[in-house]
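Engineer: What follows is start-v2.pdb, PDB, C-alpha atoms.
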MODEL        1
ATOM      1  CA  MET Y   1      46.341  99.768 139.884
ATOM      2  CA  TYR Y   2      45.077  98.447 143.225
ATOM      3  CA  GLY Y   3      46.897  95.475 144.689
ATOM      4  CA  ARG Y   4      44.813  92.627 145.986
ATOM      5  CA  ALA Y   5      45.277  91.923 149.693
ATOM      6  CA  THR Y   6      46.361  88.398 150.479
ATOM      7  CA  ALA Y   7      46.774  86.658 153.808
ATOM      8  CA  ASN Y   8      50.494  87.432 153.650
ATOM      9  CA  ASN Y   9      50.329  91.146 152.924
ATOM     10  CA  ARG Y  10      47.110  92.268 154.606
ATOM     11  CA  SER Y  11      47.413  94.898 157.285
ATOM     12  CA  LEU Y  12      45.047  96.714 159.572
ATOM     13  CA  ILE Y  13      43.283  99.738 158.105
ATOM     14  CA  ASN Y  14      43.807 101.693 161.339
ATOM     15  CA  PRO Y  15      47.200 100.826 162.803
ATOM     16  CA  PRO Y  16      47.471 100.236 166.554
ATOM     17  CA  THR Y  17      48.770 103.052 168.718
ATOM     18  CA  TYR Y  18      51.483 102.097 171.197
ATOM     19  CA  ILE Y  19      51.572 104.141 174.405
ATOM     20  CA  GLU Y  20      54.460 103.614 176.801
ATOM     21  CA  TYR Y  21      55.118 105.603 179.940
ATOM     22  CA  ASN Y  22      57.108 104.765 183.056
ATOM     23  CA  GLY Y  23      56.944 101.027 182.475
ATOM     24  CA  LEU Y  24      53.251 101.055 181.536
ATOM     25  CA  ARG Y  25      52.548  99.693 178.054
ATOM     26  CA  PHE Y  26      49.257 100.011 176.183
ATOM     27  CA  LEU Y  27      48.074  99.354 172.662
ATOM     28  CA  ILE Y  28      44.991 101.308 171.547
ATOM     29  CA  VAL Y  29      43.137  99.711 168.651
ATOM     30  CA  ASP Y  30      39.763  99.835 166.980
ATOM     31  CA  ALA Y  31      37.402  96.902 167.437
ATOM     32  CA  PRO Y  32      38.527  93.674 165.776
ATOM     33  CA  SER Y  33      35.948  91.559 163.976
ATOM     34  CA  SER Y  34      35.891  87.820 163.455
ATOM     35  CA  ASN Y  35      37.170  88.425 159.909
ATOM     36  CA  ASN Y  36      40.236  90.493 160.786
ATOM     37  CA  LEU Y  37      41.029  89.007 164.214
ATOM     38  CA  PRO Y  38      44.046  87.073 162.828
ATOM     39  CA  LEU Y  39      45.639  90.407 161.868
ATOM     40  CA  TYR Y  40      45.076  91.746 165.372
ATOM     41  CA  LEU Y  41      46.492  88.562 166.883
ATOM     42  CA  LYS Y  42      49.718  89.165 164.921
ATOM     43  CA  GLU Y  43      49.902  92.710 166.293
ATOM     44  CA  PHE Y  44      49.130  91.494 169.802
ATOM     45  CA  GLU Y  45      51.946  88.958 169.554
ATOM     46  CA  ARG Y  46      54.312  91.626 168.218
ATOM     47  CA  TRP Y  47      53.613  93.875 171.224
ATOM     48  CA  ASN Y  48      53.431  91.036 173.793
ATOM     49  CA  VAL Y  49      49.806  91.770 174.652
ATOM     50  CA  THR Y  50      48.747  89.828 177.751
ATOM     51  CA  ASP Y  51      45.258  91.325 178.092
ATOM     52  CA  VAL Y  52      42.639  92.845 175.809
ATOM     53  CA  VAL Y  53      40.092  95.229 177.306
ATOM     54  CA  ARG Y  54      36.865  95.582 175.339
ATOM     55  CA  CYS Y  55      35.103  98.891 176.048
ATOM     56  CA  CYS Y  56      32.335  98.129 173.543
ATOM     57  CA  GLU Y  57      30.060  95.205 172.788
ATOM     58  CA  ALA Y  58      31.884  92.070 171.646
ATOM     59  CA  THR Y  59      32.532  91.813 167.903
ATOM     60  CA  TYR Y  60      34.609  88.605 168.071
ATOM     61  CA  ALA Y  61      34.927  85.448 170.147
ATOM     62  CA  LYS Y  62      37.334  85.290 173.106
ATOM     63  CA  GLU Y  63      38.563  81.761 172.332
ATOM     64  CA  PRO Y  64      41.185  82.622 169.674
ATOM     65  CA  LEU Y  65      42.784  85.055 172.128
ATOM     66  CA  ALA Y  66      42.614  82.577 175.016
ATOM     67  CA  GLU Y  67      44.402  80.030 172.806
ATOM     68  CA  LYS Y  68      47.268  82.548 172.543
ATOM     69  CA  GLY Y  69      47.298  83.129 176.321
ATOM     70  CA  ILE Y  70      45.598  86.523 176.090
ATOM     71  CA  GLN Y  71      42.905  87.333 178.658
ATOM     72  CA  VAL Y  72      39.881  89.307 177.475
ATOM     73  CA  HIS Y  73      38.172  91.704 179.888
ATOM     74  CA  ASP Y  74      34.786  93.240 179.119
ATOM     75  CA  PHE Y  75      34.786  96.770 180.575
ATOM     76  CA  VAL Y  76      31.863  98.013 178.474
ATOM     77  CA  PHE Y  77      30.513 101.540 178.904
ATOM     78  CA  MET Y  78      28.533 103.995 176.771
ATOM     79  CA  ASP Y  79      30.064 105.456 173.627
ATOM     80  CA  GLY Y  80      31.218 109.055 174.062
ATOM     81  CA  GLU Y  81      30.915 108.853 177.845
ATOM     82  CA  ALA Y  82      33.310 108.676 180.756
ATOM     83  CA  PRO Y  83      33.750 105.281 182.420
ATOM     84  CA  PRO Y  84      31.646 104.583 185.520
ATOM     85  CA  ALA Y  85      33.480 104.036 188.828
ATOM     86  CA  PRO Y  86      33.249 100.192 188.762
ATOM     87  CA  ILE Y  87      34.940 100.153 185.333
ATOM     88  CA  VAL Y  88      37.695 102.482 186.568
ATOM     89  CA  ASP Y  89      38.178 100.236 189.622
ATOM     90  CA  ALA Y  90      38.484  97.109 187.457
ATOM     91  CA  TRP Y  91      40.857  98.912 185.046
ATOM     92  CA  LEU Y  92      43.142 100.091 187.846
ATOM     93  CA  GLN Y  93      43.158  96.613 189.374
ATOM     94  CA  LEU Y  94      44.208  95.104 186.031
ATOM     95  CA  ILE Y  95      47.008  97.665 185.665
ATOM     96  CA  GLU Y  96      48.200  96.890 189.175
ATOM     97  CA  GLN Y  97      48.209  93.151 188.436
ATOM     98  CA  ARG Y  98      50.049  93.438 185.107
ATOM     99  CA  PHE Y  99      52.560  96.180 185.763
ATOM    100  CA  LYS Y 100      53.312  96.346 189.509
ATOM    101  CA  ASN Y 101      56.175  93.833 189.528
ATOM    102  CA  ASN Y 102      57.594  95.060 186.232
ATOM    103  CA  HIS Y 103      57.169  98.699 187.241
ATOM    104  CA  ASP Y 104      59.032  98.235 190.541
ATOM    105  CA  ALA Y 105      61.767  96.019 189.089
ATOM    106  CA  GLU Y 106      62.304  97.869 185.821
ATOM    107  CA  HIS Y 107      65.150 100.077 187.022
ATOM    108  CA  VAL Y 108      66.859  97.188 188.794
ATOM    109  CA  GLU Y 109      66.613  95.103 185.593
ATOM    110  CA  GLU Y 110      68.100  97.955 183.534
ATOM    111  CA  GLU Y 111      71.117  98.053 185.832
ATOM    112  CA  LYS Y 112      71.549  94.267 185.636
ATOM    113  CA  SER Y 113      70.973  93.960 181.892
ATOM    114  CA  ASP Y 114      73.790  92.718 179.727
ATOM    115  CA  ASP Y 115      74.202  93.517 176.030
ATOM    116  CA  ASN Y 116      74.197  89.783 175.272
ATOM    117  CA  ASP Y 117      70.931  89.145 177.112
ATOM    118  CA  SER Y 118      67.831  88.959 174.995
ATOM    119  CA  GLU Y 119      65.313  91.660 175.844
ATOM    120  CA  ARG Y 120      62.830  90.555 178.474
ATOM    121  CA  LYS Y 121      59.307  90.592 177.109
ATOM    122  CA  LEU Y 122      57.272  93.047 179.128
ATOM    123  CA  PRO Y 123      53.473  92.897 179.260
ATOM    124  CA  CYS Y 124      51.225  95.186 177.263
ATOM    125  CA  ILE Y 125      47.488  95.776 177.656
ATOM    126  CA  ALA Y 126      45.520  96.326 174.453
ATOM    127  CA  THR Y 127      42.296  98.260 174.794
ATOM    128  CA  HIS Y 128      39.653  99.020 172.214
ATOM    129  CA  CYS Y 129      36.283 100.576 171.631
ATOM    130  CA  VAL Y 130      34.620 100.754 168.216
ATOM    131  CA  ALA Y 131      37.026 103.236 166.595
ATOM    132  CA  GLY Y 132      39.706 103.428 169.288
ATOM    133  CA  LEU Y 133      39.182 107.166 169.686
ATOM    134  CA  GLY Y 134      37.064 107.634 172.820
ATOM    135  CA  ARG Y 135      36.559 105.019 175.480
ATOM    136  CA  ALA Y 136      39.865 103.174 175.032
ATOM    137  CA  PRO Y 137      42.052 106.328 175.077
ATOM    138  CA  VAL Y 138      40.202 107.603 178.173
ATOM    139  CA  LEU Y 139      41.158 104.447 180.075
ATOM    140  CA  VAL Y 140      44.786 104.859 178.998
ATOM    141  CA  ALA Y 141      44.694 108.531 180.073
ATOM    142  CA  ILE Y 142      43.463 107.438 183.517
ATOM    143  CA  ALA Y 143      46.406 105.037 183.791
ATOM    144  CA  LEU Y 144      48.884 107.786 182.879
ATOM    145  CA  ILE Y 145      47.325 110.179 185.396
ATOM    146  CA  GLU Y 146      47.447 107.516 188.106
ATOM    147  CA  ASP Y 147      51.169 107.145 187.355
ATOM    148  CA  GLY Y 148      51.790 110.856 187.916
ATOM    149  CA  MET Y 149      51.301 112.481 184.506
ATOM    150  CA  PRO Y 150      49.206 115.673 184.632
ATOM    151  CA  ALA Y 151      45.773 115.215 183.020
ATOM    152  CA  LEU Y 152      46.230 117.564 180.062
ATOM    153  CA  ASP Y 153      49.693 116.157 179.392
ATOM    154  CA  ALA Y 154      48.175 112.665 179.306
ATOM    155  CA  VAL Y 155      45.599 113.776 176.732
ATOM    156  CA  ALA Y 156      48.242 115.533 174.622
ATOM    157  CA  TYR Y 157      50.553 112.498 174.856
ATOM    158  CA  ILE Y 158      47.789 110.214 173.574
ATOM    159  CA  ARG Y 159      46.575 112.656 170.905
ATOM    160  CA  GLU Y 160      50.122 113.055 169.545
ATOM    161  CA  ARG Y 161      50.068 109.331 168.854
ATOM    162  CA  ARG Y 162      46.356 108.799 168.058
ATOM    163  CA  ARG Y 163      44.871 111.791 166.270
ATOM    164  CA  GLY Y 164      41.269 112.594 167.176
ATOM    165  CA  ALA Y 165      41.332 110.725 170.473
ATOM    166  CA  ILE Y 166      39.110 111.815 173.396
ATOM    167  CA  ASN Y 167      36.022 113.950 172.744
ATOM    168  CA  LYS Y 168      35.046 117.175 174.565
ATOM    169  CA  LYS Y 169      32.873 115.448 177.185
ATOM    170  CA  GLN Y 170      35.588 112.882 177.896
ATOM    171  CA  LEU Y 171      38.201 115.640 178.034
ATOM    172  CA  ARG Y 172      36.223 117.375 180.808
ATOM    173  CA  TYR Y 173      36.133 114.074 182.695
ATOM    174  CA  VAL Y 174      39.890 113.523 182.307
ATOM    175  CA  GLU Y 175      40.632 117.136 183.345
ATOM    176  CA  THR Y 176      38.702 116.666 186.597
ATOM    177  CA  TYR Y 177      39.795 113.077 187.273
ATOM    178  CA  LYS Y 178      41.289 112.727 190.759
ATOM    179  CA  PRO Y 179      44.003 110.071 190.979
ATOM    180  CA  ARG Y 180      43.270 107.404 193.549
ATOM    181  CA  SER Y 181      46.925 106.515 193.938
ATOM    182  CA  GLN Y 182      47.894 109.856 195.446
ATOM    183  CA  SER Y 183      47.889 108.339 198.918
ATOM    184  CA  LYS Y 184      51.682 108.309 198.868
ATOM    185  CA  CYS Y 185      51.914 110.828 201.697
ATOM    186  CA  ILE Y 186      54.510 109.826 204.267
ATOM    187  CA  ILE Y 187      54.524 111.424 207.720
ATOM    188  CA  SER Y 188      57.718 110.944 209.670
TER     189      SER Y 188
ENDMDL
END
For the structure just supplied, provide its representation as structure tokens.

Structural biologist:
Amino acid sequence: MYGRATANNRSLINPPTYIEYNGLRFLIVDAPSSNNLPLYLKEFERWNVTDVVRCCEATYAKEPLAEKGIQVHDFVFMDGEAPPAPIVDAWLQLIEQRFKNNHDAEHVEEEKSDDNDSERKLPCIATHCVAGLGRAPVLVAIALIEDGMPALDAVAYIRERRRGAINKKQLRYVETYKPRSQSKCIIS
């Protein structure tokens, strides 16, 4: 009645949630363990993950990811809480580093692309907390808000793709979050 999982047919119990917006690409997952890390590595390869952000205590070694060229960042903060300012700063810096060039050049590349060209692999940042429902989605919501999406739209966009994401306390934080990138005022 129940099939036995083998190395070839095993899959993650909670599938990753892919969030893409305006050239930003994120994968929200629950926390890998040493036992299931190979399954996550397959998913990370599939989505071209360049960085993994851990919002919770480490449950696996960094070395297997480093061997695949994936950088691990420990942005740990309390479960059910909003991220402290230094975590937000580090998160925004990582987004800037990974997506700035791709973000600016994306439209130019689309115009230049040829049907015969193979698709250019764009970076993706995976982020996780224990269940992938609180801390990790809040960081992704901050990224979407920084890129111009209204706060409640960012929450709805994430929740449409990852049911149960972002608790009431975190929702209040996201609703009142003030984008730091709104310094795009030009006086002529």

Engineer: Please write the residues picked by the PyMOL selection byres ((chain Y and resi 20) around 12) on this file as a list of chain:residue names.

Structural biologist: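 Matching residues under the PyMOL selection byres ((chain Y and resi 20) around 12) are Y:Thr17, Y:Tyr18, Y:Ile19, Y:Tyr21, Y:Asn22, Y:Gly23, Y:Leu24, Y:Arg25, Y:Phe26, Y:Leu27, Y:Ile28, Y:Trp47, Y:Phe99, Y:His103, Y:Leu122, Y:Pro123, Y:Cys124, Y:Ile125, Y:Ala126, Y:Val140, Y:Ala141, Y:Ala143, Y:Leu144, Y:Asp147, Y:Ala154, Y:Tyr157, Y:Ile158, Y:Arg161.
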
Engineer: What's the separation between CA of Glu63 in chain Y and CA of Ala31 in chain Y, in Å to one decimal place?

Structural biologist: 16.0 Å

Engineer: Got a sec to check which residues sit within 8 Å of (36.4, 110.8, 175.9), counting only C-alpha atoms, and write them as a list in words?

Structural biologist: Gly80, Glu81, Ala82, Leu133, Gly134, Arg135, Pro137, Val138, Ala165, Ile166, Asn167, Lys168, Lys169, Gln170, Leu171, Tyr173 and Val174 of chain Y

Engineer: Quick one: which residues end up in the PyMOL selection byres ((chain Y and resi 89) around 12) for this structure, as a PyMOL selection string?

Structural biologist: chain Y and resi 75+83-88+90-96+139+142-143+146+179-181

Engineer: Compile the contact shell of Tyr60 in chain Y as a list in words: residues with an atom at most 9 Å away, counting only C-alpha atoms, same-chain residues fewer than 6 positions apart removed.

Structural biologist: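 Non-adjacent residues within range: Ala31, Pro32, Ser33, Ser34, Asn35 and Leu37 of chain Y.
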
Engineer: What is the distance, in Å and to one decimal place, between CA of Val29 in chain Y and CA of Ala136 in chain Y?

Structural biologist: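 We find that CA of Val29 in chain Y and CA of Ala136 in chain Y lie 8.0 Å from each other.
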
Engineer: State, in Å with one decimal place, the distance from CA of Val53 in chain Y to CA of Gln97 in chain Y.

Structural biologist: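 These two atoms are separated by 13.9 Å.
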
Engineer: Could I get range 136-147 of chain Y rebuilt with all heavy atoms, written as an mmCIF file, in the coordinates of the input?

Structural biologist:
data_model
loop_
_atom_site.group_PDB
_atom_site.id
_atom_site.type_symbol
_atom_site.label_atom_id
_atom_site.label_comp_id
_atom_site.auth_asym_id
_atom_site.auth_seq_id
_atom_site.Cartn_x
_atom_site.Cartn_y
_atom_site.Cartn_z
ATOM 1 N N ALA Y 136 38.557 103.797 174.797
ATOM 2 C CA ALA Y 136 39.865 103.174 175.032
ATOM 3 C C ALA Y 136 40.932 104.208 175.411
ATOM 4 O O ALA Y 136 41.644 104.026 176.409
ATOM 5 C CB ALA Y 136 40.284 102.348 173.819
ATOM 6 N N PRO Y 137 41.062 105.322 174.677
ATOM 7 C CA PRO Y 137 42.052 106.328 175.077
ATOM 8 C C PRO Y 137 41.780 106.942 176.457
ATOM 9 O O PRO Y 137 42.718 107.296 177.172
ATOM 10 C CB PRO Y 137 41.960 107.392 173.981
ATOM 11 C CG PRO Y 137 41.435 106.673 172.802
ATOM 12 C CD PRO Y 137 40.499 105.636 173.357
ATOM 13 N N VAL Y 138 40.512 107.061 176.844
ATOM 14 C CA VAL Y 138 40.202 107.603 178.173
ATOM 15 C C VAL Y 138 40.763 106.679 179.257
ATOM 16 O O VAL Y 138 41.362 107.142 180.233
ATOM 17 C CB VAL Y 138 38.677 107.826 178.361
ATOM 18 C CG1 VAL Y 138 38.327 108.048 179.820
ATOM 19 C CG2 VAL Y 138 38.217 109.008 177.532
ATOM 20 N N LEU Y 139 40.602 105.371 179.080
ATOM 21 C CA LEU Y 139 41.158 104.447 180.075
ATOM 22 C C LEU Y 139 42.683 104.575 180.146
ATOM 23 O O LEU Y 139 43.258 104.578 181.237
ATOM 24 C CB LEU Y 139 40.761 102.997 179.755
ATOM 25 C CG LEU Y 139 39.307 102.633 179.987
ATOM 26 C CD1 LEU Y 139 39.078 101.151 179.676
ATOM 27 C CD2 LEU Y 139 38.849 102.952 181.405
ATOM 28 N N VAL Y 140 43.323 104.704 179.005
ATOM 29 C CA VAL Y 140 44.786 104.859 178.998
ATOM 30 C C VAL Y 140 45.172 106.179 179.675
ATOM 31 O O VAL Y 140 46.127 106.227 180.458
ATOM 32 C CB VAL Y 140 45.352 104.750 177.570
ATOM 33 C CG1 VAL Y 140 46.843 105.083 177.540
ATOM 34 C CG2 VAL Y 140 45.101 103.341 177.009
ATOM 35 N N ALA Y 141 44.418 107.246 179.419
ATOM 36 C CA ALA Y 141 44.694 108.531 180.073
ATOM 37 C C ALA Y 141 44.596 108.391 181.592
ATOM 38 O O ALA Y 141 45.437 108.926 182.328
ATOM 39 C CB ALA Y 141 43.728 109.607 179.571
ATOM 40 N N ILE Y 142 43.601 107.665 182.071
ATOM 41 C CA ILE Y 142 43.463 107.438 183.517
ATOM 42 C C ILE Y 142 44.710 106.742 184.059
ATOM 43 O O ILE Y 142 45.234 107.129 185.112
ATOM 44 C CB ILE Y 142 42.185 106.614 183.815
ATOM 45 C CG1 ILE Y 142 40.946 107.469 183.574
ATOM 46 C CG2 ILE Y 142 42.197 106.064 185.243
ATOM 47 C CD1 ILE Y 142 39.636 106.683 183.572
ATOM 48 N N ALA Y 143 45.200 105.757 183.348
ATOM 49 C CA ALA Y 143 46.406 105.037 183.791
ATOM 50 C C ALA Y 143 47.603 105.978 183.872
ATOM 51 O O ALA Y 143 48.384 105.927 184.838
ATOM 52 C CB ALA Y 143 46.703 103.881 182.844
ATOM 53 N N LEU Y 144 47.757 106.849 182.880
ATOM 54 C CA LEU Y 144 48.884 107.786 182.879
ATOM 55 C C LEU Y 144 48.768 108.777 184.034
ATOM 56 O O LEU Y 144 49.764 109.103 184.693
ATOM 57 C CB LEU Y 144 48.957 108.521 181.537
ATOM 58 C CG LEU Y 144 49.151 107.647 180.292
ATOM 59 C CD1 LEU Y 144 49.169 108.512 179.030
ATOM 60 C CD2 LEU Y 144 50.405 106.808 180.383
ATOM 61 N N ILE Y 145 47.556 109.250 184.285
ATOM 62 C CA ILE Y 145 47.325 110.179 185.396
ATOM 63 C C ILE Y 145 47.634 109.492 186.724
ATOM 64 O O ILE Y 145 48.287 110.075 187.594
ATOM 65 C CB ILE Y 145 45.876 110.715 185.367
ATOM 66 C CG1 ILE Y 145 45.655 111.590 184.122
ATOM 67 C CG2 ILE Y 145 45.548 111.490 186.640
ATOM 68 C CD1 ILE Y 145 44.193 111.874 183.820
ATOM 69 N N GLU Y 146 47.176 108.265 186.868
ATOM 70 C CA GLU Y 146 47.447 107.516 188.106
ATOM 71 C C GLU Y 146 48.945 107.340 188.325
ATOM 72 O O GLU Y 146 49.401 107.223 189.465
ATOM 73 C CB GLU Y 146 46.766 106.147 188.073
ATOM 74 C CG GLU Y 146 45.265 106.200 188.218
ATOM 75 C CD GLU Y 146 44.788 106.528 189.632
ATOM 76 O OE1 GLU Y 146 45.571 106.428 190.596
ATOM 77 O OE2 GLU Y 146 43.614 106.904 189.763
ATOM 78 N N ASP Y 147 49.719 107.320 187.243
ATOM 79 C CA ASP Y 147 51.169 107.145 187.355
ATOM 80 C C ASP Y 147 51.903 108.478 187.462
ATOM 81 O O ASP Y 147 53.125 108.516 187.376
ATOM 82 C CB ASP Y 147 51.701 106.331 186.176
ATOM 83 C CG ASP Y 147 52.999 105.627 186.527
ATOM 84 O OD1 ASP Y 147 53.008 104.840 187.492
ATOM 85 O OD2 ASP Y 147 54.011 105.894 185.850
#
